[in-house]
2 protein chains.
Amino acid sequence: MSKVMSAAEAVADIGDGASLGVAGFGVSHRYPSTLITALRDLGPTGLTVYCNGLGQPGFPTAHLLADNHQIGHLVTCFSARPGVVSEAEKQIEAGEMTLEMVAQGTLVERMRAGGAGIPAFYTPTGYGSSLAEGKDVRYFDGRPYVLERAITTDFALIRAARADEMGNLVFRGGSQNFNTSFAKAARVTIVEAEEIVPTGTIASSEVDLPGVFVTRVVPVTVRMDVKNLPMRVNRAADSARLYLGKPALTREEIGRRVAALMPDGAVVNLGAGLPTQVANFIADRPVILHSENGMLNYGSFVRGDDFDPDLHDAGGYFVTLRDGASFFDSVTSFEIARGGRLYAVVLGTYQVGGNGDLANWSVPGMIGGGIGGAMDLAAGARNVFAMLEHTDSRGRPKLVEKCSFPLTAPGCVDAIITDLALLRRPSRSSRFVLEEIAAGFTVDEVLSLTGMTVDVADAVGVLQECWM
Amino acid sequence: MSKVMSAAEAVADIGDGASLGVAGFGVSHRYPSTLITALRDLGPTGLTVYCNGLGQPGFPTAHLLADNHQIGHLVTCFSARPGVVSEAEKQIEAGEMTLEMVAQGTLVERMRAGGAGIPAFYTPTGYGSSLAEGKDVRYFDGRPYVLERAITTDFALIRAARADEMGNLVFRGGSQNFNTSFAKAARVTIVEAEEIVPTGTIASSEVDLPGVFVTRVVPVTVRMDVKNLPMRVNRAADSARLYLGKPALTREEIGRRVAALMPDGAVVNLGAGLPTQVANFIADRPVILHSENGMLNYGSFVRGDDFDPDLHDAGGYFVTLRDGASFFDSVTSFEIARGGRLYAVVLGTYQVGGNGDLANWSVPGMIGGGIGGAMDLAAGARNVFAMLEHTDSRGRPKLVEKCSFPLTAPGCVDAIITDLALLRRPSRSSRFVLEEIAAGFTVDEVLSLTGMTVDVADAVGVLQECWM
């Protein structure tokens, strides 16, 4: 009863118009590259593809399928990245491919529901955003929720570290992410595994995904070399912008101030970009970092080549582990987020509204955007911190009366930390209060760069003096 | 940041009227007995208790709380067992305790939803039964589903094999069952663990439940001695009833016939009671047995003392494992069932209706009944086999035109196997067809003991000749 076969055999019945989930997480190199390559070679067209993102263009990620004009409909959390115009974006713009944006936690929950025989569920994620348009909204206990339908697919292409001949799977580190839920949602699940062992070799207690969810097992033959991945440009931590001719806080200093706002014992999620600066200032404190791909209690960033390829955060940075770290899949990861177990999420953002609206996933003119886990995190975390530069590159305020960019979540922001100011509010129905400003600036100067109406604290502190 | 404390400290803030999930599975001895005993000693009353069942009366199970008149409202899958009248049943009958029956898969899914920030979901389970009364029903893709609300609780009492000081947990074998979902649903989760180790001792890949879901950790000090548990009366496999003065099939022979109906590769769930007879006839075949408490590919029953206390099926029988076995929690277990991954479920039953209605959880006069996983399994398995004696002990047909007992699921039965006959039907809108009868009986004799209208096959086979 062995399920092992070649990649070509495993994908042979994926025909024109089939639907499939393609696992893989962001800038990670752990894509089912062997199966994607075989499917590219087979060449079926008009595919409906569900994925977190297409992956890195130019590598054996789901981009191969887009480049080969095989995708008719794309359902994804990331359709566009600043500075990159992919083949997929061109096809979307030309109307050759249709696009459906979905929040990351909602995508895995819909997949998991499809696999669990649950046809639909209510979620707080996406309420108040364009993603909720046309969907049923219902109030439970006074709070609005959006009805989301389950997803089932014809096929899933996933990747595991180990498989036995019955299809029992073991994942490594943070690489479980979407694989489990995508496997559950599919009628036919095809896994590629680094190592394939005889049934009975994997201890029952080690199995991460039982073989009942796996149809075919294929050995990995196509790999992405992680060393060839373009490292993402990370702006120097010690860079500081000038406002009115004077230097504001450095990126590192903003991170340090945010870290000091996290109490001991807090479970915290740090978004991509600027928020990653926070990690290094809590590495030696009892603050637990959570990552959407499925890790708790990771440590600091690995800057050199001494990394474990399966230990990376949701932004794709390689990280260390601390004692008591644990791994899980993205479904569990968003249970933690939506279920209120996060003390805080720190999110980079394009705009914050005076009423706490958050807009961080798309800008006008973008083909879709990049939602990632932000909508789920904003809906679920007990405290939402917006961390951003005070104005955009042309000097226009990013703290605005009312957001002009598409909303991530309405009224969710509890605190704003910029390179010029810290603002908090006593409740989600209150105005923001300017509590601290950067050294060398006056309250009036900061207010002149601020587009929202705020209250000013009786005693305004200095940002640099308020970290521990 | 250690979460370790004594049982008395851990339960000290559970006050009158608190809600709590109490983990533990059926006749297993793996209850959070230490915490239950401490809570009994503390004595808060008017508790709302969620549990699969109260456990074995007379042992440190949730029965302790009922016996001490601490439960005001009981939400459970098993409220009554034939031949046992518990203190809880007396209190329910007297109106001192209110009772809410729930299907097992729905209970863990509601708990999991509560922990995941999902306020409500639709499920096929329970549709057409009294449990769906008063709940919203909605059709998706032409099939009816019931809206179920999430459950959150003030506390959860759970049990693990190992814990570290941060509350990362490891379960053993089939003992994960309800613990994970109950932990997620609770504001304060208290675990008792057989072994408590320093943080960092449990490998990240071994963690079954991350410490973010666990509030307090307590060492196990009160255990149930499994050897003192009354063994359930299991009627001799070679007993055969007499009908019209002639012996029908033995219990073992019915099991053998059902086993022969399962194709190689099938994933099968065997209900409690008579269906357990099937297991021994597929032990050396590539048929995979599934158990609600969270096991796949278990083997035959262990009759003597050489058992592993964490390896038992949903009926509480100790079992062996086969190569490729895997463990998981009850949420995953019912994903497998509702998601259509089971080729078949074999259920014992009180009655089957001519239209395929199944009635196997309660009889008139019972205080509630015993639902277990039957409603979920009946709603999700691709083939539902009803396995029963042909008449009740007073000779009245159990195959009836219309069920008089409360329904488990409407129109779900695909095949009926009794000690006198095998009946199948070509589709769920067809009548049952009498295909085989027991040796020594005539078709007319079998029909005279049958209360539903059936078709008779052109060539009726002999049951004993049709097994492999």
# chains A, B, ... in the order shown; residues from 1 in each chain; ligands from 1
>>> interface_residues(of="chain A", to="chain B", cutoff="6 Å", atoms="only C-alpha atoms", output="ChimeraX atom specification")
/A:115-118,120-123,199-200,204,323-326,335,338-339
>>> residues_around(residues="Ile71 of chain B", least_positions_apart="3", cutoff="8 Å", atoms="only C-alpha atoms", output="list in words")
Thr45, Gly46, Leu47, Thr48, Val49, Leu65, Ala66, Leu74 and Met97 of chain B
>>> residues_around(residues="segment 51-60 of chain A", least_positions_apart="4", cutoff="10 Å", atoms="only C-alpha atoms", output="PyMOL selection string")
chain A and resi 20-37+40+64-67+74-80+84-88+101-105+107-108+177-178+182+222-225+228-230+370-373
>>> atom_distance(atom1="atom CA of Gly294 of chain B", atom2="atom CA of Tyr350 of chain B")
25.9 Å
>>> select_by_dssp(residues="segment 233-457 of chain A", states="strand (DSSP E or B)", output="PyMOL selection string")
chain A and resi 240-243+246-250+267-270+288-291+295-301+312+318-327+329+344-347+351-353+358-359+370+383-387+391+397+399-400+409+415-417+421-424+433-437+451+455-457
>>> decode(residues="segment 287-303 of chain A", atoms="N, CA and C atoms", output="short mmCIF file (atom, residue, chain, number, x, y, z; two decimals), in the first residue's frame")
data_model
loop_
_atom_site.label_atom_id
_atom_site.label_comp_id
_atom_site.auth_asym_id
_atom_site.auth_seq_id
_atom_site.Cartn_x
_atom_site.Cartn_y
_atom_site.Cartn_z
N VAL A 287 9.84 37.91 27.37
CA VAL A 287 8.77 38.27 26.44
C VAL A 287 8.81 37.22 25.35
N ILE A 288 7.65 36.69 24.97
CA ILE A 288 7.58 35.55 24.05
C ILE A 288 7.16 36.03 22.68
N LEU A 289 8.00 35.78 21.68
CA LEU A 289 7.68 36.22 20.32
C LEU A 289 6.94 35.12 19.57
N HIS A 290 5.91 35.54 18.85
CA HIS A 290 5.01 34.65 18.08
C HIS A 290 5.17 34.97 16.60
N SER A 291 5.23 33.94 15.79
CA SER A 291 5.35 34.16 14.35
C SER A 291 4.25 33.39 13.62
N GLU A 292 3.63 34.03 12.62
CA GLU A 292 2.46 33.46 11.95
C GLU A 292 2.72 32.10 11.33
N ASN A 293 3.93 31.86 10.86
CA ASN A 293 4.20 30.58 10.22
C ASN A 293 4.21 29.42 11.21
N GLY A 294 4.21 29.73 12.52
CA GLY A 294 4.05 28.65 13.49
C GLY A 294 5.19 28.47 14.45
N MET A 295 5.59 29.53 15.12
CA MET A 295 6.63 29.43 16.14
C MET A 295 6.28 30.32 17.31
N LEU A 296 6.65 29.87 18.49
CA LEU A 296 6.57 30.69 19.69
C LEU A 296 7.93 30.69 20.37
N ASN A 297 8.30 31.83 20.91
CA ASN A 297 9.53 31.98 21.69
C ASN A 297 10.80 31.85 20.86
N TYR A 298 10.78 32.48 19.69
CA TYR A 298 12.04 32.55 18.95
C TYR A 298 12.87 33.70 19.51
N GLY A 299 14.15 33.73 19.09
CA GLY A 299 15.07 34.70 19.68
C GLY A 299 15.49 35.78 18.70
N SER A 300 16.76 36.02 18.63
CA SER A 300 17.27 37.12 17.81
C SER A 300 17.53 36.67 16.37
N PHE A 301 17.84 37.62 15.52
CA PHE A 301 18.09 37.32 14.10
C PHE A 301 19.47 36.72 13.91
N VAL A 302 19.56 35.81 12.97
CA VAL A 302 20.85 35.27 12.57
C VAL A 302 21.31 36.07 11.36
N ARG A 303 22.42 36.78 11.51
CA ARG A 303 22.84 37.67 10.43
C ARG A 303 23.75 36.96 9.42
#
